[in-house]
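Engineer: Following this line is entry_17.csv, made up of CSV, C-alpha atoms:
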```
chain,number,residue,atom,x,y,z
A,19,MET,CA,90.6,-85.2,41.4
A,20,ASN,CA,90.0,-81.8,40.0
A,21,ARG,CA,89.2,-80.6,36.5
A,22,VAL,CA,88.1,-84.0,35.1
A,23,LEU,CA,85.8,-84.4,32.1
A,24,PRO,CA,82.0,-84.7,32.8
A,25,LEU,CA,81.0,-88.2,34.1
A,26,LEU,CA,79.1,-90.5,31.9
A,27,SER,CA,75.5,-89.6,31.6
A,28,VAL,CA,72.6,-91.2,29.8
A,29,SER,CA,71.7,-87.8,28.4
A,30,LEU,CA,74.6,-88.0,26.0
A,31,LEU,CA,74.0,-88.6,22.3
A,32,LEU,CA,74.3,-92.1,20.9
A,33,ALA,CA,74.8,-93.2,17.4
A,34,ALA,CA,71.8,-94.3,15.2
A,35,CYS,CA,71.2,-98.0,14.8
A,36,GLY,CA,72.3,-99.9,11.7
A,37,GLY,CA,73.3,-103.3,10.4
A,38,GLY,CA,71.3,-106.5,10.1
A,39,GLY,CA,70.4,-109.5,12.2
A,40,THR,CA,69.0,-109.6,15.7
A,41,ARG,CA,70.2,-110.5,19.2
A,42,GLU,CA,68.5,-111.1,22.5
A,43,VAL,CA,68.6,-109.1,25.7
A,44,ALA,CA,67.0,-111.1,28.5
A,45,LEU,CA,65.7,-109.1,31.4
A,46,ARG,CA,64.3,-110.1,34.8
A,47,VAL,CA,63.3,-107.5,37.3
A,48,ASP,CA,62.0,-108.8,40.6
A,49,GLY,CA,58.9,-106.9,41.7
A,50,ALA,CA,58.2,-105.5,38.2
A,51,ALA,CA,55.7,-108.1,37.0
A,52,GLY,CA,53.3,-106.8,34.3
A,53,ARG,CA,55.3,-103.6,33.7
A,54,THR,CA,56.6,-102.7,30.3
A,55,ALA,CA,60.4,-102.5,29.8
A,56,TYR,CA,62.0,-100.6,26.9
A,57,PHE,CA,65.4,-100.9,25.2
A,58,ASP,CA,66.5,-97.5,24.0
A,59,ARG,CA,69.1,-95.8,21.9
A,60,PHE,CA,69.6,-92.0,21.9
A,61,GLU,CA,69.8,-89.4,19.2
A,62,ASN,CA,70.3,-85.7,19.8
A,63,GLY,CA,69.9,-86.2,23.5
A,64,ARG,CA,66.5,-87.9,23.2
A,65,PRO,CA,65.7,-91.6,23.8
A,66,TYR,CA,64.2,-93.7,21.0
A,67,HIS,CA,62.7,-97.1,21.6
A,68,VAL,CA,64.3,-100.0,19.8
A,69,ASP,CA,62.1,-102.6,21.3
A,70,SER,CA,59.7,-103.1,24.3
A,71,VAL,CA,58.4,-106.1,26.2
A,72,LYS,CA,55.8,-106.6,28.9
A,73,LEU,CA,57.4,-108.4,31.8
A,74,ASP,CA,55.6,-111.7,32.9
A,75,ASN,CA,54.6,-112.8,36.3
A,76,ASN,CA,58.2,-113.4,37.2
A,77,GLY,CA,59.3,-109.9,36.0
A,78,ALA,CA,61.0,-111.5,33.0
A,79,GLY,CA,61.0,-110.6,29.3
A,80,THR,CA,63.2,-110.7,26.3
A,81,PHE,CA,64.1,-107.9,23.8
A,82,ASN,CA,64.9,-108.7,20.2
A,83,ILE,CA,67.5,-106.1,19.2
A,84,PRO,CA,68.9,-105.4,15.8
A,85,ALA,CA,72.6,-105.4,15.2
A,86,LEU,CA,73.4,-102.0,16.7
A,87,PRO,CA,77.0,-100.6,16.7
A,88,LEU,CA,79.2,-100.7,19.8
A,89,ASP,CA,77.9,-98.1,22.2
A,90,PHE,CA,76.0,-97.4,25.4
A,91,TYR,CA,72.3,-98.1,25.4
A,92,ARG,CA,69.5,-97.9,28.0
A,93,ILE,CA,67.0,-100.3,29.5
A,94,ALA,CA,64.1,-98.4,31.1
A,95,VAL,CA,61.3,-99.6,33.3
A,96,GLY,CA,59.1,-96.7,34.4
A,97,ASP,CA,61.3,-94.0,35.9
A,98,GLU,CA,64.2,-96.4,36.4
A,99,GLN,CA,67.0,-96.9,33.9
A,100,LEU,CA,70.0,-99.1,33.4
A,101,VAL,CA,72.9,-98.2,31.1
A,102,VAL,CA,74.5,-101.1,29.2
A,103,ALA,CA,77.3,-101.4,26.6
A,104,LEU,CA,76.9,-103.7,23.7
A,105,ASP,CA,78.4,-104.4,20.3
A,106,SER,CA,76.6,-105.9,17.3
A,107,ALA,CA,77.7,-109.5,18.2
A,108,GLU,CA,76.7,-109.5,21.9
A,109,SER,CA,73.6,-110.7,23.6
A,110,LEU,CA,72.9,-109.9,27.2
A,111,SER,CA,71.2,-111.2,30.3
A,112,VAL,CA,70.3,-108.8,33.2
A,113,GLU,CA,68.8,-109.5,36.6
A,114,ALA,CA,67.8,-106.7,39.0
A,115,SER,CA,65.1,-105.7,41.4
A,116,ALA,CA,62.5,-103.0,41.1
A,117,GLY,CA,63.7,-99.8,42.8
A,118,SER,CA,67.4,-100.6,42.1
A,119,LEU,CA,67.5,-101.2,38.3
A,120,ALA,CA,70.6,-99.1,38.0
A,121,THR,CA,72.5,-101.5,40.2
A,122,PRO,CA,71.7,-105.0,38.8
A,123,THR,CA,72.5,-108.1,40.7
A,124,SER,CA,73.7,-109.9,37.5
A,125,VAL,CA,74.9,-108.8,34.1
A,126,LYS,CA,76.1,-111.6,31.8
A,127,GLY,CA,76.8,-112.3,28.1
A,128,SER,CA,78.4,-109.0,27.1
A,129,PHE,CA,82.1,-108.3,27.7
A,130,HIS,CA,81.5,-104.5,27.6
A,131,SER,CA,78.5,-104.5,29.9
A,132,GLU,CA,80.2,-106.9,32.4
A,133,ALA,CA,83.3,-104.7,32.5
A,134,TYR,CA,81.3,-101.5,32.8
A,135,HIS,CA,79.1,-102.7,35.7
A,136,GLY,CA,82.0,-104.6,37.3
A,137,PHE,CA,83.8,-101.3,37.6
A,138,LEU,CA,80.7,-99.4,38.8
A,139,ALA,CA,80.4,-102.0,41.6
A,140,GLU,CA,84.1,-101.5,42.5
A,141,THR,CA,83.4,-97.7,42.6
A,142,ARG,CA,80.4,-98.1,44.9
A,143,ALA,CA,82.5,-100.3,47.3
A,144,TYR,CA,85.3,-97.7,47.2
A,145,GLU,CA,82.9,-94.8,47.9
A,146,ALA,CA,81.3,-96.6,50.8
A,147,LYS,CA,84.7,-97.2,52.4
A,148,ARG,CA,85.8,-93.7,51.7
A,149,ASP,CA,82.7,-92.2,53.2
A,150,GLY,CA,83.1,-94.3,56.3
A,151,LEU,CA,86.7,-93.3,56.8
A,152,ARG,CA,85.8,-89.6,56.3
A,153,GLN,CA,83.1,-89.9,58.9
A,154,GLY,CA,85.6,-91.5,61.3
A,155,ILE,CA,88.1,-88.7,60.7
A,156,SER,CA,85.4,-86.0,61.1
A,157,ALA,CA,84.6,-87.5,64.5
A,158,ASP,CA,88.2,-88.0,65.5
A,159,PRO,CA,90.5,-85.6,63.5
A,160,SER,CA,93.6,-86.7,65.4
A,161,ASN,CA,93.2,-90.4,64.4
A,162,SER,CA,96.3,-90.6,62.1
A,163,SER,CA,95.6,-94.3,61.3
A,164,LEU,CA,92.2,-93.4,59.7
A,165,VAL,CA,93.9,-90.6,57.7
A,166,ASP,CA,96.6,-93.1,56.5
A,167,SER,CA,93.9,-95.6,55.6
A,168,LEU,CA,92.0,-93.0,53.6
A,169,ASN,CA,95.1,-92.0,51.7
A,170,ALA,CA,95.9,-95.6,51.0
A,171,LEU,CA,92.4,-96.3,49.8
A,172,ASN,CA,92.4,-93.2,47.5
A,173,SER,CA,95.8,-94.2,46.1
A,174,ALA,CA,94.7,-97.7,45.4
A,175,PHE,CA,91.5,-96.7,43.7
A,176,HIS,CA,93.3,-94.1,41.6
A,177,ALA,CA,95.7,-96.9,40.5
A,178,ARG,CA,92.7,-99.1,39.7
A,179,CYS,CA,91.1,-96.4,37.5
A,180,ILE,CA,94.3,-96.2,35.5
A,181,SER,CA,94.7,-100.0,35.2
A,182,PHE,CA,91.1,-100.5,34.2
A,183,THR,CA,91.3,-97.7,31.6
A,184,LYS,CA,94.4,-99.2,30.1
A,185,GLU,CA,92.8,-102.7,30.0
A,186,HIS,CA,89.6,-101.4,28.3
A,187,SER,CA,90.9,-98.4,26.3
A,188,SER,CA,88.9,-99.3,23.2
A,189,SER,CA,85.7,-100.2,25.1
A,190,PRO,CA,83.0,-97.7,26.2
A,191,ALA,CA,83.5,-99.2,29.7
A,192,ALA,CA,86.8,-97.2,29.8
A,193,LEU,CA,84.8,-93.9,30.1
A,194,ALA,CA,83.6,-94.9,33.6
A,195,ALA,CA,87.1,-95.1,34.9
A,196,VAL,CA,89.0,-92.5,32.9
A,197,ASN,CA,86.5,-89.7,33.7
A,198,ARG,CA,87.4,-90.2,37.4
A,199,LEU,CA,91.0,-89.2,36.7
A,200,ASN,CA,92.6,-85.7,36.4
A,201,ILE,CA,93.0,-85.1,32.7
A,202,GLN,CA,96.0,-82.7,33.2
A,203,GLN,CA,97.9,-85.4,35.1
A,204,GLU,CA,96.8,-88.3,32.9
A,205,MET,CA,96.7,-86.6,29.5
A,206,ALA,CA,98.5,-89.4,27.7
A,207,LEU,CA,96.0,-91.9,29.0
A,208,PHE,CA,93.0,-89.7,27.9
A,209,LYS,CA,94.6,-89.5,24.4
A,210,GLN,CA,95.0,-93.2,24.3
A,211,VAL,CA,91.3,-93.8,25.0
A,212,ARG,CA,90.3,-91.1,22.5
A,213,ASP,CA,92.5,-92.7,19.8
A,214,ASP,CA,91.6,-96.3,20.6
A,215,MET,CA,87.8,-95.6,20.8
A,216,ARG,CA,88.0,-93.8,17.4
A,217,LYS,CA,88.6,-97.2,15.9
A,218,THR,CA,85.8,-99.0,17.7
A,219,MET,CA,82.9,-96.5,18.1
A,220,PRO,CA,83.7,-93.4,16.0
A,221,LYS,CA,80.1,-92.4,15.5
A,222,SER,CA,79.0,-92.7,19.2
A,223,GLY,CA,77.7,-89.5,20.8
A,224,PHE,CA,79.3,-90.6,24.1
A,225,TYR,CA,82.6,-90.9,22.4
A,226,ALA,CA,82.1,-87.6,20.5
A,227,GLN,CA,81.7,-85.6,23.8
A,228,PHE,CA,84.7,-87.3,25.3
A,229,ARG,CA,86.8,-86.7,22.2
A,230,GLN,CA,85.8,-83.0,22.1
A,231,GLY,CA,86.8,-82.5,25.7
A,232,VAL,CA,90.2,-84.2,25.2
A,233,ASP,CA,90.8,-82.3,21.9
A,234,GLN,CA,90.0,-79.0,23.6
A,235,LEU,CA,92.4,-79.5,26.5
A,236,GLU,CA,95.0,-80.8,24.1
A,237,GLN,CA,94.8,-77.6,22.1
A,238,GLN,CA,95.1,-75.6,25.3
A,239,GLU,CA,98.1,-77.7,26.2
A,240,ILE,CA,99.7,-77.0,22.8
A,241,ALA,CA,98.9,-73.2,23.2
A,242,MET,CA,100.5,-73.1,26.6
A,243,LYS,CA,103.6,-74.8,25.2
A,244,LEU,CA,103.8,-72.3,22.3
A,245,GLN,CA,103.4,-69.4,24.8
A,246,ALA,CA,106.2,-70.8,26.9
A,247,GLN,CA,108.4,-71.2,23.8
A,248,GLU,CA,107.6,-67.6,22.8
A,249,ALA,CA,108.4,-66.4,26.3
A,250,GLU,CA,111.7,-68.2,26.2
A,251,ARG,CA,112.4,-66.8,22.7
A,252,VAL,CA,111.7,-63.3,23.9
A,253,ALA,CA,113.8,-63.8,27.0
A,254,ASN,CA,116.7,-65.1,24.9
A,255,MET,CA,116.4,-62.0,22.7
A,256,LEU,CA,116.9,-59.7,25.7
A,257,PRO,CA,118.7,-61.7,28.4
A,258,ILE,CA,119.3,-60.3,31.8
A,259,GLY,CA,122.9,-59.1,31.9
A,260,GLY,CA,123.2,-58.8,28.2
A,261,VAL,CA,123.9,-55.4,26.5
A,262,ALA,CA,120.6,-53.9,25.2
A,263,PRO,CA,120.5,-53.5,21.4
A,264,GLU,CA,120.9,-49.9,20.1
A,265,ILE,CA,117.8,-47.9,19.5
A,266,GLN,CA,118.1,-44.9,17.1
A,267,GLN,CA,114.9,-43.3,16.0
A,268,GLN,CA,113.3,-39.9,15.3
A,269,THR,CA,112.4,-37.4,18.1
A,270,PRO,CA,109.1,-35.5,18.1
A,271,ASP,CA,110.8,-32.5,16.5
A,272,GLY,CA,112.2,-34.5,13.6
A,273,GLY,CA,115.7,-35.0,14.9
A,274,THR,CA,117.4,-38.3,15.7
A,275,TYR,CA,118.3,-39.7,19.1
A,276,ALA,CA,120.1,-42.9,20.2
A,277,LEU,CA,119.9,-45.0,23.3
A,278,SER,CA,123.7,-45.0,23.5
A,279,GLU,CA,123.7,-41.3,24.2
A,280,LEU,CA,122.4,-42.1,27.7
A,281,ARG,CA,125.3,-44.4,28.5
A,282,GLY,CA,126.7,-43.7,32.0
A,283,LYS,CA,123.2,-43.4,33.5
A,284,TYR,CA,120.6,-45.9,34.7
A,285,VAL,CA,118.0,-45.9,31.9
A,286,LEU,CA,114.5,-47.1,31.7
A,287,ILE,CA,113.4,-47.9,28.1
A,288,ASP,CA,109.6,-47.4,28.2
A,289,PHE,CA,107.6,-48.8,25.2
A,290,TRP,CA,104.2,-47.1,25.1
A,291,ALA,CA,101.8,-45.3,22.8
A,292,SER,CA,99.2,-42.5,22.9
A,293,TRP,CA,96.4,-45.0,22.1
A,294,CYS,CA,97.4,-47.4,24.9
A,295,ARG,CA,95.1,-46.7,27.9
A,296,PRO,CA,97.1,-48.8,30.4
A,297,CYS,CA,100.2,-46.8,29.3
A,298,ARG,CA,98.5,-43.5,29.8
A,299,MET,CA,97.2,-44.6,33.2
A,300,GLU,CA,100.8,-45.6,34.2
A,301,ASN,CA,102.4,-42.4,33.0
A,302,PRO,CA,101.7,-40.3,36.2
A,303,ASN,CA,103.3,-43.0,38.3
A,304,VAL,CA,106.4,-43.2,36.0
A,305,LYS,CA,106.7,-39.5,36.1
A,306,ARG,CA,106.6,-39.5,39.9
A,307,VAL,CA,109.5,-42.0,40.0
A,308,TYR,CA,111.4,-40.0,37.3
A,309,ASP,CA,111.1,-36.8,39.3
A,310,LYS,CA,112.4,-38.6,42.4
A,311,TYR,CA,115.5,-40.1,40.9
A,312,HIS,CA,116.3,-38.1,37.8
A,313,LYS,CA,118.8,-35.8,39.6
A,314,LYS,CA,120.6,-38.9,41.0
A,315,GLY,CA,121.3,-40.2,37.5
A,316,PHE,CA,118.1,-41.8,36.3
A,317,GLU,CA,116.9,-41.3,32.7
A,318,ILE,CA,114.0,-42.6,30.6
A,319,LEU,CA,113.8,-43.2,26.9
A,320,GLY,CA,110.2,-43.4,25.7
A,321,VAL,CA,109.8,-45.5,22.6
A,322,SER,CA,106.3,-44.9,21.1
A,323,LEU,CA,104.4,-47.5,19.1
A,324,ASP,CA,102.3,-44.7,17.6
A,325,ARG,CA,101.7,-44.2,13.9
A,326,ASP,CA,100.2,-40.7,14.1
A,327,HIS,CA,102.8,-38.1,14.8
A,328,GLY,CA,100.3,-35.6,16.1
A,329,ALA,CA,98.7,-38.0,18.5
A,330,TRP,CA,102.1,-39.0,19.8
A,331,VAL,CA,103.3,-35.4,20.4
A,332,LYS,CA,99.9,-34.4,22.0
A,333,ALA,CA,100.1,-37.4,24.5
A,334,ILE,CA,103.6,-36.3,25.6
A,335,ALA,CA,102.4,-32.8,26.2
A,336,ASP,CA,99.1,-33.8,27.9
A,337,ASP,CA,100.8,-36.3,30.2
A,338,GLY,CA,103.7,-33.9,30.9
A,339,LEU,CA,106.5,-36.4,30.1
A,340,PRO,CA,109.8,-34.6,30.3
A,341,TRP,CA,112.2,-37.4,29.3
A,342,LYS,CA,113.6,-38.3,25.9
A,343,HIS,CA,111.2,-39.7,23.3
A,344,VAL,CA,111.7,-41.5,20.0
A,345,SER,CA,109.6,-43.4,17.5
A,346,ASP,CA,109.6,-44.6,13.9
A,347,LEU,CA,105.8,-44.4,13.8
A,348,GLY,CA,105.7,-48.0,12.8
A,349,PHE,CA,102.9,-49.1,15.2
A,350,TRP,CA,103.5,-52.7,16.2
A,351,SER,CA,106.2,-53.0,13.5
A,352,ASN,CA,108.4,-50.4,15.4
A,353,ALA,CA,111.9,-51.6,14.7
A,354,ALA,CA,113.0,-51.4,18.4
A,355,ALA,CA,109.9,-53.1,19.6
A,356,GLN,CA,110.5,-56.0,17.2
A,357,GLU,CA,114.2,-56.3,18.2
A,358,TYR,CA,113.3,-56.2,21.9
A,359,GLY,CA,110.5,-58.8,21.6
A,360,VAL,CA,107.7,-56.5,22.7
A,361,THR,CA,104.3,-58.2,22.4
A,362,SER,CA,102.3,-55.9,24.7
A,363,ILE,CA,102.6,-52.5,26.2
A,364,PRO,CA,103.4,-50.9,28.5
A,365,PHE,CA,106.7,-52.8,28.5
A,366,THR,CA,109.9,-51.6,30.2
A,367,VAL,CA,113.6,-52.5,30.3
A,368,LEU,CA,115.9,-51.2,33.0
A,369,LEU,CA,119.5,-50.8,32.1
A,370,ASP,CA,122.6,-50.2,34.2
A,371,LYS,CA,125.2,-47.5,33.4
A,372,GLU,CA,126.9,-49.8,30.9
A,373,GLY,CA,123.7,-50.4,29.0
A,374,LYS,CA,123.2,-53.9,30.3
A,375,VAL,CA,119.8,-55.3,31.1
A,376,LEU,CA,119.0,-55.3,34.8
A,377,GLU,CA,115.2,-56.0,34.8
A,378,LYS,CA,112.3,-56.3,32.4
A,379,GLY,CA,108.6,-55.6,32.7
A,380,LEU,CA,108.8,-53.3,35.7
A,381,ARG,CA,105.7,-51.2,36.5
A,382,ALA,CA,106.1,-48.0,38.4
A,383,ALA,CA,105.8,-49.5,41.9
A,384,GLU,CA,108.3,-52.2,41.1
A,385,LEU,CA,110.6,-49.6,39.3
A,386,GLU,CA,110.7,-47.5,42.4
A,387,VAL,CA,111.8,-50.5,44.5
A,388,ALA,CA,114.5,-51.3,42.0
A,389,LEU,CA,115.8,-47.7,41.9
A,390,ALA,CA,115.7,-47.4,45.7
A,391,LYS,CA,118.2,-50.3,45.8
A,392,LEU,CA,120.4,-48.6,43.2
A,393,PHE,CA,120.3,-45.0,44.5
A,394,GLY,CA,119.0,-45.4,48.1
A,395,SER,CA,115.6,-44.2,49.1
```
Represent the supplied structure as structure tokens.

Structural biologist:
Amino acid sequence: MNRVLPLLSVSLLLAACGGGGTREVALRVDGAAGRTAYFDRFENGRPYHVDSVKLDNNGAGTFNIPALPLDFYRIAVGDEQLVVALDSAESLSVEASAGSLATPTSVKGSFHSEAYHGFLAETRAYEAKRDGLRQGISADPSNSSLVDSLNALNSAFHARCISFTKEHSSSPAALAAVNRLNIQQEMALFKQVRDDMRKTMPKSGFYAQFRQGVDQLEQQEIAMKLQAQEAERVANMLPIGGVAPEIQQQTPDGGTYALSELRGKYVLIDFWASWCRPCRMENPNVKRVYDKYHKKGFEILGVSLDRDHGAWVKAIADDGLPWKHVSDLGFWSNAAAQEYGVTSIPFTVLLDKEGKVLEKGLRAAELEVALAKLFGS
């Protein structure tokens, strides 16, 4: 399970308290007689005491808690802590032992806390079985039955995480399960939890971090879809096998030259610019390929996205580019670049003798391979 959101941590922010009335949280911690227990909320990553109680000789005590909103809270005894989930109408009874407060023996009275700690108990049982199977496989890698058992166990727990999340999608308890899933594979479920929890605990810091993570990946998902749509649009603008649109622009000496004048030869349309460092670095390689295949019927039409005539002409001379060159000095608004769907340079289009598109986006090494197939090495 890769690339999941961060697991629930008590260091996350929690919403401030509010509302009226009180409720009781009964606590008994065996072996903690005489110690002080605290019930905490969090703000800006820091715990704030809501109430405290000195545990009696049986390790028991009761907190009187105001009507706090639905969220995660913390019970702390010394360095130990226990996360619970409560809404404003719930009371709670917790039994645990000193040294293992985080894994209580009993949690009752709160639907959200019972669900949360019930799932954590399932998780611990799963991890114990998983680790045992892994040890067995490590000792005997050829034992296929152990591998099958591990795969079945993982599959069952994955299904349990999904079902628990769906059953508790509006409860903070859902975060314990959904954060064990792969968000890319279960994006719809993550969105469901985000949207359902927005109705029940919109001001929770725990929820805020979860929402931000889902929102961020959702935006990435949208961006990837848009990129794919744009790539498809560009591909449709210049389909393989289709006739390349005519290009007719000015030459460096002020004349006019058209792509169609090269019909009957294999032609590479090379979109570049004097200011494009990758283009300039590629030019020597392109020139080498041109020199190798030019006499066999290979031509290049350089289409510059320059806007300064002098810089364009100087770059042609400096790089020693002997092929035909045209430009309308329109920069990224170059008419040919727009029609060919050019979004980055260098960008090339290889045409056959009839002016039909053979390949797109070839760099010099790839171009040489393609031309070797056409002309022979």

Engineer: Hey, can you check how far atom CA of A:Glu384 sits from atom CA of A:Gln268?

Structural biologist: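 One can read the atom CA of A:Glu384 to atom CA of A:Gln268 distance as 29.0 Å.
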
Engineer: Which protein, DNA or RNA residues are at most 10 Å from (90.0, -92.1, 35.9) in the file's coordinates when you count all atoms listed in the file, listed as a list of chain:residue names?

Structural biologist: A:Met19, A:Val22, A:Leu23, A:Leu25, A:Phe175, A:His176, A:Ala177, A:Arg178, A:Cys179, A:Ile180, A:Ser181, A:Phe182, A:Thr183, A:Ala192, A:Leu193, A:Ala194, A:Ala195, A:Val196, A:Asn197, A:Arg198, A:Leu199, A:Asn200, A:Ile201, A:Glu204, A:Leu207, A:Phe208

Engineer: Between A:Asp48, A:Ala85, A:Phe224, A:Ala133, which residue has the minimum interatomic distance to A:Asn62, considering all atoms listed in the file?

Structural biologist: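 Using all atoms listed in the file, A:Asn62 sits closest to A:Phe224.
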
Engineer: Find the spatial neighbours of A:Met215, counting only C-alpha atoms, within a cut-off of 10 Å - ignore same-chain residues fewer than 2 positions away - and output them as a PyMOL selection string.

Structural biologist: chain A and resi 186-190+192-193+209-213+217-222+225-226+228-229

Engineer: Restricted to C-alpha atoms, what would the selected residues look like written as a PDB file, keeping the file's coordinate frame?

Structural biologist:
```pdb
ATOM      1  CA  HIS A 186      89.600-101.400  28.300  1.00  0.00           C
ATOM      2  CA  SER A 187      90.900 -98.400  26.300  1.00  0.00           C
ATOM      3  CA  SER A 188      88.900 -99.300  23.200  1.00  0.00           C
ATOM      4  CA  SER A 189      85.700-100.200  25.100  1.00  0.00           C
ATOM      5  CA  PRO A 190      83.000 -97.700  26.200  1.00  0.00           C
ATOM      6  CA  ALA A 192      86.800 -97.200  29.800  1.00  0.00           C
ATOM      7  CA  LEU A 193      84.800 -93.900  30.100  1.00  0.00           C
ATOM      8  CA  LYS A 209      94.600 -89.500  24.400  1.00  0.00           C
ATOM      9  CA  GLN A 210      95.000 -93.200  24.300  1.00  0.00           C
ATOM     10  CA  VAL A 211      91.300 -93.800  25.000  1.00  0.00           C
ATOM     11  CA  ARG A 212      90.300 -91.100  22.500  1.00  0.00           C
ATOM     12  CA  ASP A 213      92.500 -92.700  19.800  1.00  0.00           C
ATOM     13  CA  LYS A 217      88.600 -97.200  15.900  1.00  0.00           C
ATOM     14  CA  THR A 218      85.800 -99.000  17.700  1.00  0.00           C
ATOM     15  CA  MET A 219      82.900 -96.500  18.100  1.00  0.00           C
ATOM     16  CA  PRO A 220      83.700 -93.400  16.000  1.00  0.00           C
ATOM     17  CA  LYS A 221      80.100 -92.400  15.500  1.00  0.00           C
ATOM     18  CA  SER A 222      79.000 -92.700  19.200  1.00  0.00           C
ATOM     19  CA  TYR A 225      82.600 -90.900  22.400  1.00  0.00           C
ATOM     20  CA  ALA A 226      82.100 -87.600  20.500  1.00  0.00           C
ATOM     21  CA  PHE A 228      84.700 -87.300  25.300  1.00  0.00           C
ATOM     22  CA  ARG A 229      86.800 -86.700  22.200  1.00  0.00           C
TER      23      ARG A 229
END
```

Engineer: Using only C-alpha atoms, pick whichever of A:Arg152, A:His130, A:His135, A:Arg281 has the shortest atom-to-atom distance to A:Lys371.

Structural biologist: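 Looking only at the distances to A:Lys371, the closest residue turns out to be A:Arg281.
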
Engineer: List as a PyMOL selection string the residues having at least one atom at most 10 Å from position (122.7, -56.3, 30.2) as given in the file, counting all atoms listed in the file.

Structural biologist: chain A and resi 256-263+367-377

Engineer: List as a short mmCIF file (atom, residue, chain, number, x, y, z; two decimals) with C-alpha atoms, in the frame of the given file the protein and nucleic acid residues near stretch 325-335 of chain A, meaning an atom at most 10 Å away when all atoms listed in the file are counted, but skip any in the same chain fewer than 5 places from it.

Structural biologist:
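Below you can see out-v9.cif, which holds the result:
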```
data_model
loop_
_atom_site.label_atom_id
_atom_site.label_comp_id
_atom_site.auth_asym_id
_atom_site.auth_seq_id
_atom_site.Cartn_x
_atom_site.Cartn_y
_atom_site.Cartn_z
CA THR A 269 112.40 -37.40 18.10
CA PRO A 270 109.10 -35.50 18.10
CA ASP A 271 110.80 -32.50 16.50
CA TRP A 290 104.20 -47.10 25.10
CA ALA A 291 101.80 -45.30 22.80
CA SER A 292 99.20 -42.50 22.90
CA TRP A 293 96.40 -45.00 22.10
CA ARG A 298 98.50 -43.50 29.80
CA ASN A 301 102.40 -42.40 33.00
CA GLY A 320 110.20 -43.40 25.70
CA PRO A 340 109.80 -34.60 30.30
CA TRP A 341 112.20 -37.40 29.30
CA HIS A 343 111.20 -39.70 23.30
CA VAL A 344 111.70 -41.50 20.00
CA SER A 345 109.60 -43.40 17.50
CA ASP A 346 109.60 -44.60 13.90
CA LEU A 347 105.80 -44.40 13.80
CA GLY A 348 105.70 -48.00 12.80
CA PHE A 349 102.90 -49.10 15.20
CA TRP A 350 103.50 -52.70 16.20
CA SER A 351 106.20 -53.00 13.50
CA ASN A 352 108.40 -50.40 15.40
#
```

Engineer: Taking 5 positions as the minimum chain separation for residues in the same chain, which residues sit within 10 Å of stretch 380-383 of chain A when counting only C-alpha atoms? Answer as a PyMOL selection string.

Structural biologist: chain A and resi 286+288+300-308+364-368+388

Engineer: Looking at A:Lys342, A:Arg53, A:Arg142, A:Arg148, which one is nearest to A:Phe316, with distances taken over only C-alpha atoms?

Structural biologist: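 Counting only C-alpha atoms, the residue closest to A:Phe316 is A:Lys342.
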
Engineer: How many Å separate atom CA of A:Arg41 from atom CA of A:Arg92?

Structural biologist: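 Taking atom CA of A:Arg41 and atom CA of A:Arg92, their separation equals 15.4 Å.
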
Engineer: Can you patch up stretch 381-391 of chain A, filling it in to N, CA and C atoms, and show the result as a short mmCIF file (atom, residue, chain, number, x, y, z; two decimals), keeping the file's coordinate frame?

Structural biologist:
```cif
data_model
loop_
_atom_site.label_atom_id
_atom_site.label_comp_id
_atom_site.auth_asym_id
_atom_site.auth_seq_id
_atom_site.Cartn_x
_atom_site.Cartn_y
_atom_site.Cartn_z
N ARG A 381 106.68 -52.32 36.42
CA ARG A 381 105.70 -51.20 36.50
C ARG A 381 106.24 -50.21 37.50
N ALA A 382 105.54 -49.08 37.65
CA ALA A 382 106.10 -48.00 38.40
C ALA A 382 106.43 -48.35 39.86
N ALA A 383 105.56 -49.08 40.55
CA ALA A 383 105.80 -49.50 41.90
C ALA A 383 107.07 -50.35 42.02
N GLU A 384 107.18 -51.30 41.10
CA GLU A 384 108.30 -52.20 41.10
C GLU A 384 109.60 -51.42 40.69
N LEU A 385 109.44 -50.47 39.77
CA LEU A 385 110.60 -49.60 39.30
C LEU A 385 111.11 -48.84 40.51
N GLU A 386 110.22 -48.30 41.31
CA GLU A 386 110.70 -47.50 42.40
C GLU A 386 111.45 -48.33 43.44
N VAL A 387 111.03 -49.56 43.65
CA VAL A 387 111.80 -50.50 44.50
C VAL A 387 113.16 -50.73 43.99
N ALA A 388 113.22 -51.00 42.67
CA ALA A 388 114.50 -51.30 42.00
C ALA A 388 115.45 -50.08 42.12
N LEU A 389 114.92 -48.90 41.86
CA LEU A 389 115.80 -47.70 41.90
C LEU A 389 116.19 -47.36 43.32
N ALA A 390 115.35 -47.64 44.29
CA ALA A 390 115.70 -47.40 45.70
C ALA A 390 116.93 -48.24 46.06
N LYS A 391 117.01 -49.44 45.51
CA LYS A 391 118.20 -50.30 45.80
C LYS A 391 119.42 -49.74 45.11
#
```
